[in-house]
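Everything below belongs to final.cif, which stores mmCIF, C-alpha atoms.
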```
data_coords
loop_
_atom_site.label_atom_id
_atom_site.label_comp_id
_atom_site.auth_asym_id
_atom_site.auth_seq_id
_atom_site.Cartn_x
_atom_site.Cartn_y
_atom_site.Cartn_z
CA MET A 54 -173.57 -34.50 22.69
CA LEU A 55 -171.19 -32.14 24.43
CA PRO A 56 -172.28 -28.52 24.65
CA ALA A 57 -170.34 -26.39 22.21
CA THR A 58 -168.91 -24.36 25.08
CA ALA A 59 -167.62 -27.50 26.82
CA ALA A 60 -166.11 -28.71 23.56
CA ALA A 61 -164.40 -25.36 23.00
CA LEU A 62 -162.98 -25.41 26.52
CA ALA A 63 -161.79 -29.00 26.06
CA VAL A 64 -160.00 -28.07 22.83
CA LEU A 65 -158.37 -25.08 24.53
CA ALA A 66 -157.31 -27.28 27.47
CA ALA A 67 -155.74 -29.80 25.08
CA LEU A 68 -153.82 -27.05 23.29
CA LEU A 69 -152.54 -25.62 26.58
CA ALA A 70 -151.60 -29.06 27.88
CA TRP A 71 -149.12 -29.89 25.15
CA PRO A 72 -148.56 -27.95 21.89
CA VAL A 73 -148.60 -24.42 23.32
CA PRO A 74 -146.14 -25.16 26.19
CA ALA A 75 -143.96 -27.13 23.77
CA LEU A 76 -143.82 -24.21 21.33
CA LEU A 77 -143.08 -21.67 24.06
CA ALA A 78 -140.38 -23.87 25.60
CA ARG A 79 -138.63 -24.15 22.22
CA ALA A 80 -139.06 -20.48 21.28
CA ARG A 81 -136.03 -18.21 21.21
CA TRP A 82 -137.75 -14.95 22.12
CA PRO A 83 -138.28 -15.61 25.89
CA ARG A 84 -134.55 -15.15 26.57
CA ARG A 85 -134.91 -11.64 25.10
CA ASP A 86 -137.52 -10.69 27.72
CA PRO A 87 -137.80 -13.21 30.57
CA LEU A 88 -140.37 -11.19 32.49
CA VAL A 89 -142.86 -11.17 29.61
CA ALA A 90 -142.23 -14.87 29.05
CA LEU A 91 -142.92 -15.55 32.73
CA VAL A 92 -146.26 -13.75 32.42
CA CYS A 93 -147.09 -15.95 29.42
CA TRP A 94 -146.22 -19.12 31.33
CA GLN A 95 -148.42 -18.08 34.25
CA ALA A 96 -151.28 -17.39 31.85
CA ILE A 97 -150.85 -20.81 30.20
CA GLY A 98 -150.97 -22.60 33.54
CA LEU A 99 -153.99 -20.72 34.86
CA ALA A 100 -155.92 -20.81 31.59
CA GLY A 101 -155.20 -24.53 31.20
CA GLY A 102 -156.60 -25.30 34.64
CA LEU A 103 -159.67 -23.14 34.04
CA SER A 104 -160.27 -24.77 30.68
CA ILE A 105 -160.14 -28.43 31.69
CA ILE A 106 -162.14 -27.97 34.90
CA GLY A 107 -164.53 -25.60 33.15
CA ALA A 108 -165.16 -28.04 30.29
CA LEU A 109 -166.15 -30.75 32.78
CA LEU A 110 -168.35 -28.37 34.79
CA VAL A 111 -170.13 -26.95 31.75
CA HIS A 112 -170.94 -30.40 30.44
CA GLY A 113 -171.92 -31.75 33.84
CA LEU A 114 -174.21 -28.83 34.66
CA ALA A 115 -175.70 -28.48 31.17
CA PRO A 116 -179.10 -29.96 32.16
CA TRP A 117 -179.58 -27.21 34.75
CA GLY A 118 -179.03 -24.13 32.58
CA HIS A 119 -177.56 -22.47 29.51
CA SER A 120 -174.64 -20.86 31.31
CA LEU A 121 -172.40 -21.95 34.15
CA PRO A 122 -173.65 -19.25 36.58
CA GLU A 123 -177.28 -20.07 35.76
CA ALA A 124 -176.76 -23.81 36.14
CA ALA A 125 -174.77 -23.45 39.36
CA TRP A 126 -177.46 -21.20 40.83
CA SER A 127 -180.17 -23.69 39.88
CA VAL A 128 -178.31 -26.52 41.61
CA LEU A 129 -177.62 -24.46 44.73
CA THR A 130 -181.24 -23.32 45.02
CA GLY A 131 -182.64 -26.78 44.38
CA HIS A 132 -184.32 -26.09 41.04
CA PRO A 133 -185.01 -29.18 38.94
CA ALA A 134 -182.98 -29.85 35.81
CA GLU A 135 -184.42 -28.57 32.53
CA ALA A 136 -183.21 -31.66 30.64
CA PRO A 137 -182.60 -35.30 31.54
CA VAL A 138 -179.52 -35.84 33.71
CA ARG A 139 -177.48 -38.71 32.29
CA GLY A 140 -174.64 -40.69 33.75
CA ASP A 141 -172.04 -38.78 31.75
CA HIS A 142 -173.16 -35.55 33.45
CA TRP A 143 -172.47 -37.05 36.88
CA VAL A 144 -169.14 -38.45 35.69
CA ALA A 145 -168.12 -35.01 34.38
CA LEU A 146 -169.07 -33.31 37.65
CA THR A 147 -167.18 -35.91 39.67
CA LEU A 148 -164.07 -35.54 37.52
CA ALA A 149 -164.26 -31.75 37.78
CA GLY A 150 -164.43 -31.97 41.57
CA VAL A 151 -161.59 -34.47 41.79
CA LEU A 152 -159.34 -32.50 39.42
CA ALA A 153 -160.03 -29.16 41.09
CA THR A 154 -159.41 -30.67 44.52
CA GLU A 155 -156.16 -32.27 43.34
CA LEU A 156 -154.80 -29.14 41.68
CA VAL A 157 -155.69 -26.81 44.53
CA GLY A 158 -154.72 -29.38 47.15
CA VAL A 159 -151.32 -30.07 45.60
CA LEU A 160 -150.70 -26.32 45.26
CA LEU A 161 -151.48 -25.75 48.95
CA LEU A 162 -149.49 -28.83 49.99
CA SER A 163 -146.49 -27.69 47.92
CA TRP A 164 -146.69 -24.25 49.50
CA VAL A 165 -146.90 -25.68 53.03
CA ARG A 166 -144.05 -28.16 52.46
CA THR A 167 -141.81 -25.58 50.81
CA THR A 168 -142.51 -22.99 53.50
CA ARG A 169 -141.81 -25.52 56.24
CA THR A 170 -138.58 -26.66 54.58
CA ARG A 171 -137.37 -23.10 54.10
CA ARG A 172 -138.18 -22.21 57.71
CA ARG A 173 -136.26 -25.24 58.97
CA HIS A 174 -133.22 -24.43 56.82
CA ARG A 175 -133.36 -20.79 57.87
CA GLU A 176 -133.44 -21.69 61.56
CA LEU A 177 -130.48 -24.05 61.15
CA LEU A 178 -128.46 -21.56 59.12
CA GLU A 179 -129.10 -18.74 61.58
CA LEU A 180 -127.26 -20.82 64.18
CA VAL A 181 -124.05 -21.01 62.14
CA VAL A 182 -123.91 -17.95 59.84
CA GLN A 183 -122.15 -14.71 60.71
CA PRO A 184 -122.69 -11.15 59.47
CA ALA A 185 -120.96 -10.52 56.15
CA GLU A 186 -119.33 -7.31 55.01
CA LEU A 187 -122.06 -6.76 52.43
CA PRO A 188 -125.36 -5.41 53.79
CA ASP A 189 -128.17 -7.93 54.40
CA ALA A 190 -125.85 -10.87 53.66
CA ARG A 191 -124.66 -13.65 55.99
CA LEU A 192 -121.39 -15.56 55.85
CA LEU A 193 -121.31 -19.36 56.04
CA GLU A 194 -118.04 -21.19 56.68
CA HIS A 195 -117.92 -23.54 53.71
CA PRO A 196 -114.96 -24.13 51.37
CA ALA A 197 -117.04 -24.38 48.17
CA PRO A 198 -118.17 -21.18 46.42
CA VAL A 199 -121.89 -21.08 47.23
CA ALA A 200 -124.42 -18.26 47.23
CA PHE A 201 -128.15 -18.60 47.74
CA CYS A 202 -131.17 -16.92 49.26
CA ILE A 203 -134.06 -18.38 51.22
CA PRO A 204 -137.21 -16.37 50.51
CA GLY A 205 -140.06 -15.89 52.93
CA ALA A 206 -141.25 -13.52 55.63
CA ARG A 207 -137.67 -13.37 56.98
CA PRO A 208 -135.49 -13.76 53.87
CA LEU A 209 -131.92 -14.90 54.27
CA LEU A 210 -129.07 -14.24 51.82
CA VAL A 211 -126.06 -16.49 52.40
CA LEU A 212 -122.54 -16.39 50.99
CA SER A 213 -120.00 -19.10 51.71
CA SER A 214 -116.48 -18.25 52.79
CA GLY A 215 -115.33 -20.09 49.68
CA MET A 216 -117.36 -17.75 47.50
CA VAL A 217 -115.93 -14.68 49.22
CA ALA A 218 -112.40 -16.02 48.77
CA GLU A 219 -112.85 -16.94 45.10
CA LEU A 220 -114.47 -13.73 43.84
CA ASP A 221 -113.26 -10.17 43.71
CA ASP A 222 -115.38 -7.31 45.06
CA ALA A 223 -117.16 -6.60 41.78
CA GLN A 224 -118.03 -10.26 41.18
CA LEU A 225 -119.24 -10.68 44.73
CA ALA A 226 -121.45 -7.61 44.37
CA ALA A 227 -122.89 -9.12 41.18
CA VAL A 228 -123.78 -12.37 42.97
CA VAL A 229 -125.43 -10.50 45.83
CA ALA A 230 -127.39 -8.35 43.37
CA HIS A 231 -128.63 -11.51 41.64
CA GLU A 232 -129.85 -13.01 44.91
CA ARG A 233 -131.45 -9.74 46.00
CA ALA A 234 -133.35 -9.69 42.70
CA HIS A 235 -134.83 -13.09 43.56
CA LEU A 236 -136.00 -11.78 46.91
CA ARG A 237 -137.22 -8.39 45.74
CA GLU A 238 -139.33 -9.79 42.89
CA HIS A 239 -140.55 -12.85 44.85
CA HIS A 240 -139.42 -15.29 42.20
CA HIS A 241 -140.33 -18.27 44.39
CA LEU A 242 -143.99 -17.40 43.78
CA TYR A 243 -143.48 -17.70 40.01
CA LEU A 244 -142.13 -21.21 40.54
CA LEU A 245 -144.68 -22.54 43.02
CA PRO A 246 -147.59 -23.18 40.58
CA PHE A 247 -145.31 -25.15 38.26
CA VAL A 248 -143.86 -27.22 41.10
CA ALA A 249 -147.46 -28.09 42.00
CA TRP A 250 -148.45 -28.70 38.35
CA GLU A 251 -145.59 -31.16 37.89
CA ALA A 252 -146.43 -32.91 41.16
CA ALA A 253 -150.15 -33.14 40.34
CA LEU A 254 -149.69 -34.29 36.73
CA PRO A 255 -146.36 -36.18 36.60
CA VAL A 256 -147.41 -38.08 33.46
CA LEU A 257 -147.89 -34.85 31.52
CA PRO A 258 -144.65 -33.93 29.70
CA ALA A 259 -145.71 -30.29 29.49
CA ALA A 260 -145.68 -30.01 33.29
CA ALA A 261 -142.00 -30.90 33.59
CA ARG A 262 -141.15 -28.81 30.52
CA ALA A 263 -142.92 -25.78 31.97
CA HIS A 264 -141.17 -26.14 35.32
CA VAL A 265 -137.73 -26.26 33.69
CA ALA A 266 -138.52 -23.29 31.44
CA VAL A 267 -139.81 -21.15 34.30
CA ARG A 268 -136.77 -21.94 36.47
CA THR A 269 -134.48 -20.82 33.64
CA LEU A 270 -136.47 -17.64 33.02
CA VAL A 271 -136.46 -16.76 36.72
CA GLU A 272 -132.66 -16.97 36.75
CA MET A 273 -132.38 -14.90 33.57
CA ARG A 274 -134.71 -12.30 35.03
CA ALA A 275 -132.58 -12.13 38.19
CA ASP A 276 -129.50 -11.67 35.99
CA ASP A 277 -131.18 -8.76 34.19
CA VAL A 278 -132.26 -7.05 37.41
CA ALA A 279 -128.79 -7.50 38.88
CA LEU A 280 -127.13 -5.96 35.82
CA ALA A 281 -129.20 -2.79 36.20
CA SER A 282 -127.67 -2.16 39.63
CA LEU A 283 -124.05 -3.05 38.89
CA PRO A 284 -121.42 -0.36 38.31
CA GLY A 285 -118.27 -0.79 36.30
CA PRO A 286 -117.40 -0.96 32.61
CA ALA A 287 -118.40 -4.59 32.01
CA PRO A 288 -121.11 -5.76 34.43
CA ARG A 289 -122.20 -8.58 32.10
CA ARG A 290 -118.75 -10.13 32.04
CA THR A 291 -118.40 -9.65 35.79
CA LEU A 292 -121.65 -11.50 36.52
CA ALA A 293 -120.83 -14.22 33.99
CA GLN A 294 -117.45 -14.83 35.59
CA ALA A 295 -119.06 -15.06 39.02
CA ILE A 296 -121.59 -17.62 37.76
CA VAL A 297 -118.86 -19.71 36.16
CA VAL A 298 -116.80 -19.72 39.36
CA ALA A 299 -119.80 -20.76 41.45
CA ALA A 300 -120.83 -23.46 38.97
CA GLY A 301 -117.30 -24.80 38.62
CA GLY A 302 -116.68 -24.94 42.33
CA ALA A 303 -119.77 -26.73 43.56
CA GLY A 304 -122.64 -26.42 41.14
CA GLY A 305 -125.77 -26.85 43.24
CA ALA A 306 -123.98 -28.63 46.10
CA GLY A 307 -124.58 -27.07 49.48
CA VAL A 308 -127.74 -25.21 48.40
CA PRO A 309 -130.70 -26.06 50.67
CA SER A 310 -133.94 -27.34 49.20
CA GLY A 311 -136.30 -24.48 48.42
CA ALA A 312 -133.52 -21.90 48.11
CA LEU A 313 -132.75 -19.85 45.01
CA ALA A 314 -129.09 -19.94 44.00
CA VAL A 315 -127.00 -18.05 41.46
CA THR A 316 -126.26 -21.43 39.82
CA GLY A 317 -129.90 -22.45 39.96
CA SER A 318 -130.57 -23.33 36.32
CA ALA A 319 -129.24 -23.25 32.75
CA VAL A 320 -125.81 -21.93 33.69
CA GLY A 321 -124.38 -22.35 30.20
CA ALA A 322 -127.27 -20.60 28.46
CA ARG A 323 -127.17 -17.75 30.96
CA VAL A 324 -123.43 -17.20 30.58
CA VAL A 325 -123.77 -17.12 26.77
CA ARG A 326 -126.70 -14.69 27.13
CA LEU A 327 -124.61 -12.42 29.36
CA ILE A 328 -121.56 -12.42 27.10
CA GLU A 329 -123.55 -12.20 23.87
CA PRO A 330 -126.77 -10.42 24.89
CA PRO A 331 -129.73 -10.86 22.55
CA SER A 332 -131.42 -7.79 21.16
CA PRO A 333 -134.27 -6.54 23.36
CA LEU A 334 -137.76 -7.60 22.41
CA PRO A 335 -139.42 -4.83 20.35
CA ALA A 336 -142.24 -2.91 22.01
CA TRP A 337 -144.81 -4.30 19.58
CA ALA A 338 -143.68 -7.87 20.30
CA ARG A 339 -143.88 -7.31 24.06
CA ALA A 340 -147.36 -5.88 23.65
CA ALA A 341 -148.42 -8.79 21.44
CA ALA A 342 -147.12 -11.35 23.96
CA LEU A 343 -148.84 -9.63 26.88
CA LEU A 344 -152.05 -9.30 24.86
CA SER A 345 -151.89 -13.01 24.06
CA ALA A 346 -151.46 -13.81 27.75
CA GLY A 347 -154.44 -11.66 28.59
CA LEU A 348 -156.56 -13.34 25.91
CA LEU A 349 -155.57 -16.77 27.23
CA LEU A 350 -157.15 -15.81 30.53
CA LEU A 351 -160.09 -13.96 29.00
CA VAL A 352 -161.24 -16.70 26.60
CA PRO A 353 -161.94 -19.48 29.13
CA THR A 354 -163.39 -16.95 31.58
CA ALA A 355 -165.80 -15.66 28.91
CA LEU A 356 -166.73 -19.18 27.85
CA LEU A 357 -167.53 -20.06 31.45
CA LEU A 358 -169.64 -16.99 32.10
CA LEU A 359 -171.47 -16.47 28.80
CA PRO A 360 -174.50 -18.54 27.83
CA ALA A 361 -173.52 -21.92 26.42
CA ALA A 362 -174.49 -23.13 22.97
CA LEU A 363 -176.15 -26.50 23.54
#
```
Step by step, read the file and then write its structure as structure tokens.
Amino acid sequence: MLPATAAALAVLAALLAWPVPALLARARWPRRDPLVALVCWQAIGLAGGLSIIGALLVHGLAPWGHSLPEAAWSVLTGHPAEAPVRGDHWVALTLAGVLATELVGVLLLSWVRTTRTRRRHRELLELVVQPAELPDARLLEHPAPVAFCIPGARPLLVLSSGMVAELDDAQLAAVVAHERAHLREHHHLYLLPFVAWEAALPVLPAAARAHVAVRTLVEMRADDVALASLPGPAPRRTLAQAIVVAAGGAGGAGVPSGALAVTGSAVGARVVRLIEPPSPLPAWARAAALLSAGLLLLVPTALLLLPAAL
């Protein structure tokens, strides 16, 4: 029989693999506070991984102790098992090792591939871009209205000549502020775990759903940060107009792989959100969401460290 702790972790992993991501993806409140929603998504991903791997480890190591630290120490120091070791214990340990290796390996591989792709695109672009009038921006001769940034140790913010020609000064400043928000808050790091999750578990619908949701929230967060730095009487309308022009001219065409663009995701929803802004999330709701995210991380951690009920 499964230890109660392993069963609890398995149930939590099942909840975080499908119903919880599905509910959060359909919820309306994340658009009211994208940053809090991003924290919740990160907690779901991390807690889900801890839960499924932890459930397998707790069950597999159950014969060696009544808690994961105790059992792991017994195995490392060569102490004999306190109970018979059955085939299902070895199967659970093997699956835990395989799953942990896959998740961590795919995460590292995604990071290496993305970093390499961004470096290659940056090196190619640096050969053809010119200094733009706006600080920290580079101008690319391209007829379509395109704006994107390539994050990394040497970030690059690129505006096409078509974008400069299509937008007025206020709209162009809004686009640049959006891209700078991506770079300043390192939004590519929010996306990386979900790129890896989708690559590691392509048959899991929640993985693709989470990736799409996080991409949308990252763009909404960049919109919010940009708005805070924009002057003028109607910064929301200015940014919305700039997004519409960029989306209508080229969409995502001309944006290198691994870059973050102003037309990156959910253009229609973002424009509606800018023109008709939702009411801010109340302080108590923000606190409740952050507390829930913290509990999601605390529960599997506690279950892994506290003595197991056998």
| query | Where does the PyMOL selection byres ((chain A and resi 162-176) around 10) land in this file, that is, which residues does it pick, as a PyMOL selection string? | reply | chain A and resi 156-161+177-181+202-210+241-242+245-246+248-250+252+309-312
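A straight line drawn from atom CA of Glu219 of chain A to atom CA of Glu238 of chain A is 27.5 Å long.
Each of A:Met273, A:Val144, A:Ala295, A:Leu152 was compared to Pro330 of chain A using all atoms listed in the file, and A:Met273 turns out to be the nearest.
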| said: Could you tell me how far atom CA of Pro360 of chain A sits from atom CA of Val128 of chain A, in Å to one decimal place? | reply: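 That distance, rounded to one decimal, is 16.4 Å.
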| message | Taking the file as I've supplied it (selection: the PyMOL selection byres ((chain A and resi 112-119) around 12)), which residues are included? Please answer as a ChimeraX atom specification. | response | /A:54-63,105-111,120-150,356-363
| query | For the file shown, what are the residues hit by the PyMOL selection byres ((chain A and resi 229) around 9), laid out as number ranges by chain? | reply | A: 187, 190, 200-201, 210-212, 224-228, 230-234, 279, 315
| query | What is the distance between atom CA of Leu103 of chain A and atom CA of Val352 of chain A, in Å to one decimal? | reply |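 Value for the atom CA of Leu103 of chain A-atom CA of Val352 of chain A distance: 10.0 Å.
Shortest atom-to-atom contact with Leu88 of chain A among A:Val297, A:Gly307, A:Arg326, A:Thr269: A:Thr269, counting all atoms listed in the file.
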| From the set A:Asp277, A:Leu244, A:Ala287, A:Val217, which residue has the shortest atom-to-atom contact distance to Ala263 of chain A, counting all atoms listed in the file? |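 Using all atoms listed in the file, Ala263 of chain A sits closest to A:Leu244.
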| query | Quick one: of A:Ala293, A:Val151, A:Met216, A:Ala80, who's nearest to Leu192 of chain A, counting only C-alpha atoms? | reply | A:Met216
| request: Tell me which protein, DNA and RNA residues are within 8 Å of Arg289 of chain A, counting only C-alpha atoms, leaving out same-chain ones fewer than 6 positions away, and put them as a list of chain:residue names. | output: A:Leu280, A:Leu327, A:Ile328
Could the residues of segment 98-175 of chain A that have an atom at most 8 Å from segment 66-74 of chain A be listed as a Markdown table, each with its closest atom pair and the distance in Å to one decimal, counting only C-alpha atoms and ordered by chain and ascending residue number?
```
| residue | atom | partner | partner_atom | distance |
| --- | --- | --- | --- | --- |
| A:Gly98 | CA | A:Leu69 | CA | 7.7 |
| A:Ala100 | CA | A:Leu69 | CA | 7.7 |
| A:Gly101 | CA | A:Ala66 | CA | 5.1 |
| A:Gly102 | CA | A:Ala66 | CA | 7.5 |
| A:Ser104 | CA | A:Ala66 | CA | 5.0 |
| A:Ile105 | CA | A:Ala66 | CA | 5.2 |
```
| If we count only C-alpha atoms, what is near Arg268 of chain A at a cut-off of 8 Å, once residues fewer than 2 positions away on the same chain are taken out, given as a list of chain:residue names? |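 Returned residues: A:Leu244, A:His264, A:Val265, A:Ala266, A:Leu270, A:Val271, A:Glu272, A:Gly317, A:Ser318.
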| A:Thr291, A:Leu65, A:Val267, A:Leu334: which is nearest Tyr243 of chain A, counting only C-alpha atoms? | A:Val267
